[in-house]
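A short worksheet on the structure shown next.
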Amino acid sequence: MKHRSTRDVVDDLRSAGRLIEIDDPVDPALEIGEIQRRVYANGGPALLFKNIQGSRFQAASNLFGTLEQARYLFRGTLESVRRLIEVKIDPAALPRRPLRYAATPLTALRMLPRKTRRGPVQSQQCQLSDLPMIQSWPDDGGPFVTLPQVLSEDPIAPGNLMRVNLGMYRIQLAGNDYQQDREVGLHYQIHRGIGVHHRTALDRGEPLRVVITVGGSPAMTLAAVMPLPEGLTELTFAGALAGRCIRMIRGNHAPVYADADFAIVGTIDPKQTKPEGPFGDHLGYYSLAHPFPFMRVEKVWHRANAIWPFTVVGRPPQEDTTFGQLIHDLTDPIIPSVIPGVKSVHAVDAAGVHPLLLAIGSERYMPYLEEPEPQELLTQANAILGNGQLSLAKYLWITDDPDDQLDIHNIESFLRHLLQRTDWRRDVHFQTRTTIDTLDYSGAGLNKGSKVVIAARGKAKRELLTSLPNDLSLPDSWSNPRIVMPGVLAITGSKFEQDSSKELQRQVDSVAFESALNRFPLVTIVDDSDMVSASLQNWLWVTFTRSNPATDIYGVASETIHKHWGCCGSLVIDARIKPHHAPPLIEAPEITAKVDARATRGGPLAKYL
């Protein structure tokens with residue numbers, strides 16, 4: 001199915017029995033978001049809201065609710081795109097396997113975007129305030145576009161569609177200091193392509209032309225978040241995945257996606273910013289209000305019978321988890337060609353994606369060593385942390401896999417493998433005073449934090465405990481030890497106060513090397529060990545979103561030799577909530593009760609609420 005519009009997507013899902021239609025009124029402020037979260041969590045289908053209070057437009061969510069449903073939407077093109085990427089990585093594969101890649105030239109023909117003078121998105125005009133004003137979380141700064149396709153034009157190459165950047169950057173439609181119907185917030189972070197265009201516009205002293213489109217082919221939505229190999233642009237990738245050329249309208253504005261459902265057209269003054277946020281984000285916390293660029297809106301276009309697609313982000317998993325799964329589907333074969341020696345990389349969704357990376361590399365140095373230690377793995381770790389959005393990671397766990405036995409997507413098994421092999425005296429490598437994800441508030445400030453590489457290889461050094469030893473004793477104020485997984489302990493600590501770091505250092509130093517605690521290679525100090533140990537997902541989220549490696553990693557019997565830090569006993573991570581952390585996302589009780597009441601009324605939606 002080659003979808004041109006969101007209505008095509010909705011009709012396709014309806015015919016396949018993958019859609020629920022909601023006819024009664026739904027409040028776009030919090031209620032619609034709560035419904036989407038519950039339906040996603042319970043494995044429900046796509047949703048079409050036909051009566052959005054305050055807007056004449058219908059809205060659709062959960063279009064990418066499961067990986068299986070996303071594959072269904074791209075059923076006619078996904079495999080051909082995968083093969084196209086394979087050929088892009090290794091052109092010599094084409095003559096070696098001509099039957100496998102027979103359709104690749106046809107796929108490539110569909111890739112080039114095409115200029116057009118008009119398109120369906122220009123059928124009608126409206127005001128920003130006519131759009132569905134969807135607010136997902138109680139303390140959000142206003143309504144947001146959550147599936148935007150932000151298109152910016154290279155100021156030094158106007159009209160060149162191969163130089164257009166497409167990205168999914170956060171758009172705040174109203175609130176804060178924005179002039180109603182005239183300005184929208186545009187939040188983009190470091191390592192984003194639009195920043196190159198913004199820098200050029202700033203150097204030239206001219207406004208940056210930008211268009212925000214919403215809807216159209218779902219291929220454009222995926223292309224906006226897709227990390228692509230060199231020489232493959234977002235618009236060419238979208239054309240291959242959509243099964244047709246992406247048509248772009250040229251005019252006295254940035255190029256506009258002709259088949260979108262909506263288009264917000266305007267410019268950014270590169271010298272001005274306004275507060276944007278707060279916003280409940282994919283780490284499971286609010287990203288707070290900070291100065292970011294904003295767009296001066298010139299016009300808002302929309303299709304006839306347009307449908308507004310949206311999603312809700314929050315603590316993973318959410319619908320955007322599917323994007324990550326699709327990205328792994330398509331890009332896993334790319335990794336060895338992009339980063340030599342690296343076999344695979346996995347950004348862990350349960351930990352908020354950027355806080356935790358797992359990687360499998362290669363060790364080809366000195367194979368004759370009787371006691372192998374990480375060598376080439378450290379080179380590969382630096383390459384990973386210097387590559388695009390992978391550079392935002394805080395924790396990178398890397399090992400080799402000479403027997404090809406490891407499944408990098410089996411997180412518990414992967415971590416067990418490393419914990420059996422780690423030597424904390426040599427295997428912990430810090431990078432301090434560096435950049436981290438803008439949305440991560442565990443560091444010293446906006447974009448500021450640290451990273452750690454944990455690299456281990458060789459034969460297993462220890463058995464991992466699966467039960468608490470009878471002689472386990474804990475320092476003062478540590479309580480309720482709970483096993484998360486073999487070798488990993490969660491312990492409740494006291495509430496973090498101003499001097500808690502010094503106190504925790506004292507407590508860790510008080511642990512004797514002979515203590516039974518050191519039989520656990522990894523110990524996490526948390527606010528609630530029962531909650532953290534209830535599932536691996538809870539532990540991953542708390543541990544890696546609430547800690548900054550350089551300030552929150554401790555070790556029993558630690559020492560620094562030639563400026564390299566290590567420890568002989570347990571590695572201890574302080575994953576308590578700190579005063580500088582952003583608040584976690586919590587639903588509004590009155591909205592929870594409202595959606596509970598909706599569930600009691602019955603209907604096709606009720607079983608998913």
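Ligands are numbered from 1 in the order shown, residues from 1 within each chain, and chains are lettered A, B, ... in the order they appear in the structure tokens.
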
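For segment 366-499 of chain A, a DSSP pass over the backbone yields helix (DSSP H, G or I) at A:Glu376, A:Leu377, A:Leu378, A:Thr379, A:Gln380, A:Ala381, A:Asn382, A:Ala383, A:Ile384, A:Gly388, A:Gln389, A:Leu390, A:Ser391, A:Leu392, A:Ile411, A:Glu412, A:Ser413, A:Phe414, A:Leu415, A:Arg416, A:His417, A:Leu418, A:Leu419, A:Gln420, A:Arg421.
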
> Excluding same-chain residues fewer than 2 positions from segment 587-590 of chain A, what lies within 12 Å of it counting only C-alpha atoms, as a list in words?
Replying inline: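 Here the answer would be Ala29, Leu30, Glu31, Gly33, Glu34, Ile35, Arg37, Arg38, Gln135, Ser136, Trp137, Pro138, Asp139, Asp140, Gly280, Gly284, Tyr285, Gly314, Arg315, Pro584, Leu585, Thr592, Ala593, Lys594, Val595, Asp596 and Ala597 of chain A.
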
Prev. selection, N, CA and C atoms, output as a short mmCIF file (atom, residue, chain, number, x, y, z; two decimals), in the first residue's frame:
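Output below, filename selection_26.cif:
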data_model
loop_
_atom_site.label_atom_id
_atom_site.label_comp_id
_atom_site.auth_asym_id
_atom_site.auth_seq_id
_atom_site.Cartn_x
_atom_site.Cartn_y
_atom_site.Cartn_z
N ALA A 29 -6.54 18.26 25.96
CA ALA A 29 -5.69 18.57 27.10
C ALA A 29 -5.71 17.39 28.07
N LEU A 30 -4.71 16.53 27.99
CA LEU A 30 -4.43 15.42 28.90
C LEU A 30 -5.26 14.16 28.65
N GLU A 31 -6.58 14.29 28.41
CA GLU A 31 -7.39 13.08 28.27
C GLU A 31 -6.96 12.24 27.07
N GLY A 33 -4.13 12.08 25.60
CA GLY A 33 -2.83 11.47 25.86
C GLY A 33 -2.94 10.27 26.78
N GLU A 34 -3.77 10.37 27.81
CA GLU A 34 -3.96 9.25 28.72
C GLU A 34 -4.58 8.05 28.01
N ILE A 35 -5.52 8.30 27.11
CA ILE A 35 -6.11 7.21 26.34
C ILE A 35 -5.05 6.54 25.47
N ARG A 37 -1.78 6.41 25.88
CA ARG A 37 -0.81 5.66 26.68
C ARG A 37 -1.37 4.31 27.11
N ARG A 38 -2.62 4.30 27.53
CA ARG A 38 -3.22 3.04 28.00
C ARG A 38 -3.41 2.05 26.84
N GLN A 135 -2.08 18.36 24.60
CA GLN A 135 -1.15 18.45 25.71
C GLN A 135 -1.13 17.11 26.40
N SER A 136 0.05 16.49 26.50
CA SER A 136 0.14 15.11 26.97
C SER A 136 0.29 14.97 28.47
N TRP A 137 0.99 15.92 29.12
CA TRP A 137 1.31 15.77 30.54
C TRP A 137 0.94 17.04 31.30
N PRO A 138 0.60 16.93 32.58
CA PRO A 138 0.04 18.08 33.32
C PRO A 138 0.91 19.32 33.32
N ASP A 139 2.23 19.17 33.41
CA ASP A 139 3.09 20.35 33.52
C ASP A 139 3.73 20.76 32.20
N ASP A 140 3.25 20.22 31.08
CA ASP A 140 3.74 20.67 29.78
C ASP A 140 3.48 22.16 29.63
N GLY A 280 6.98 16.75 28.74
CA GLY A 280 7.19 15.38 29.19
C GLY A 280 7.83 14.56 28.10
N GLY A 284 11.20 9.88 30.42
CA GLY A 284 10.28 9.66 31.54
C GLY A 284 10.25 10.80 32.53
N TYR A 285 10.83 11.94 32.14
CA TYR A 285 10.88 13.13 32.99
C TYR A 285 10.49 14.34 32.14
N GLY A 314 6.96 9.50 26.77
CA GLY A 314 7.06 9.41 28.22
C GLY A 314 8.04 8.31 28.56
N ARG A 315 7.96 7.83 29.80
CA ARG A 315 8.87 6.75 30.16
C ARG A 315 8.65 5.57 29.22
N PRO A 584 9.91 13.52 37.51
CA PRO A 584 9.35 12.44 36.67
C PRO A 584 7.92 12.74 36.26
N LEU A 585 7.48 12.05 35.22
CA LEU A 585 6.14 12.26 34.68
C LEU A 585 5.11 11.49 35.50
N THR A 592 -6.93 10.57 35.19
CA THR A 592 -6.96 9.12 35.38
C THR A 592 -8.38 8.66 35.71
N ALA A 593 -9.06 9.38 36.60
CA ALA A 593 -10.43 9.03 36.97
C ALA A 593 -11.37 9.19 35.77
N LYS A 594 -11.15 10.20 34.97
CA LYS A 594 -12.01 10.46 33.81
C LYS A 594 -11.90 9.33 32.80
N VAL A 595 -10.68 8.85 32.55
CA VAL A 595 -10.50 7.77 31.59
C VAL A 595 -10.97 6.45 32.19
N ASP A 596 -10.83 6.27 33.50
CA ASP A 596 -11.41 5.09 34.15
C ASP A 596 -12.91 5.05 33.93
N ALA A 597 -13.56 6.20 34.08
CA ALA A 597 -15.01 6.26 33.87
C ALA A 597 -15.37 5.95 32.43
#

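Taking atom CA of Leu48 of chain A and atom CA of Val184 of chain A as the two end points, the separation is 25.6 Å.
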
>> Just want the 12 Å neighbourhood of His253 of chain A, counted on only C-alpha atoms, with same-chain residues fewer than 3 positions away dropped. Output as a list in words.
In response: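 The contact residues come out as Leu151, Ser152, Glu153, Asp154, Pro155, Pro158, Gly159, Pro207, Leu208, Arg209, Val210, Val211, Ile212, Met248, Ile249, Arg250, Val256, Tyr257, Ala263, Ile264, Val265, Gly266, Thr267, Ile268, Val297, Glu298 and Lys299 of chain A.
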
Can you write just those residues out, C-alpha atoms, as an mmCIF file, in the first residue's frame?
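What follows is the written file out-v1.cif:
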data_model
loop_
_atom_site.group_PDB
_atom_site.id
_atom_site.type_symbol
_atom_site.label_atom_id
_atom_site.label_comp_id
_atom_site.auth_asym_id
_atom_site.auth_seq_id
_atom_site.Cartn_x
_atom_site.Cartn_y
_atom_site.Cartn_z
ATOM 1 C CA LEU A 151 12.229 20.735 6.732
ATOM 2 C CA SER A 152 14.937 23.377 6.508
ATOM 3 C CA GLU A 153 16.607 24.726 3.368
ATOM 4 C CA ASP A 154 20.356 25.214 3.058
ATOM 5 C CA PRO A 155 20.763 29.014 2.798
ATOM 6 C CA PRO A 158 18.218 27.330 -2.163
ATOM 7 C CA GLY A 159 16.161 25.051 -4.342
ATOM 8 C CA PRO A 207 16.386 34.286 8.500
ATOM 9 C CA LEU A 208 16.310 30.516 8.081
ATOM 10 C CA ARG A 209 13.422 29.212 5.984
ATOM 11 C CA VAL A 210 11.635 26.321 7.693
ATOM 12 C CA VAL A 211 8.479 24.296 7.067
ATOM 13 C CA ILE A 212 6.851 21.969 9.596
ATOM 14 C CA MET A 248 8.262 18.966 -2.822
ATOM 15 C CA ILE A 249 6.598 22.312 -3.534
ATOM 16 C CA ARG A 250 8.982 25.138 -4.373
ATOM 17 C CA VAL A 256 6.995 21.940 1.384
ATOM 18 C CA TYR A 257 6.101 18.230 1.356
ATOM 19 C CA ALA A 263 2.150 22.437 6.656
ATOM 20 C CA ILE A 264 3.230 25.311 8.911
ATOM 21 C CA VAL A 265 5.361 27.695 6.831
ATOM 22 C CA GLY A 266 7.666 30.381 8.190
ATOM 23 C CA THR A 267 11.157 31.500 9.135
ATOM 24 C CA ILE A 268 13.493 31.427 12.119
ATOM 25 C CA VAL A 297 4.515 31.618 11.102
ATOM 26 C CA GLU A 298 3.504 32.962 7.694
ATOM 27 C CA LYS A 299 0.731 30.500 6.799
#

> Which one is closest to Asn305 of chain A: A:Ser15, A:Ser123, A:Ser500, A:Ser80? Count only C-alpha atoms.
Replying inline: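 Using only C-alpha atoms, the shortest distance to Asn305 of chain A belongs to A:Ser123.
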
> Hey, what does DSSP flag as strand (DSSP E) within segment 3-48 of chain A? Can you give it to me as a PyMOL selection string?
Replying inline: chain A and resi 19-22+46-48

>> Set the distance at 9 Å and use only C-alpha atoms: which residues neighbour Leu418 of chain A once local chain neighbours fewer than 5 positions away are removed? I'd like the list as a list in words.
In response: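 Here the qualifying residues turn out to be Trp397, Ile398, Thr399, Ser413, Ile454, Ala455, Ala456, Arg457 and Ala460 of chain A.
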
Which segment 260-343 of chain A residues have any atom within 9 Å of an atom of segment 432-452 of chain A, and for each, what is the nearest pair of atoms with distance in Å to one decimal, counting only C-alpha atoms, rows sorted by chain and number, as CSV?
residue,atom,partner,partner_atom,distance
A:Asp281,CA,A:Leu439,CA,7.6
A:His282,CA,A:Leu439,CA,8.5
A:Leu283,CA,A:Asp440,CA,7.5
A:Tyr285,CA,A:Leu439,CA,8.6
A:Tyr286,CA,A:Leu439,CA,8.3
A:Ser287,CA,A:Leu439,CA,5.6
A:Leu288,CA,A:Leu439,CA,8.4
A:His290,CA,A:Leu446,CA,8.9
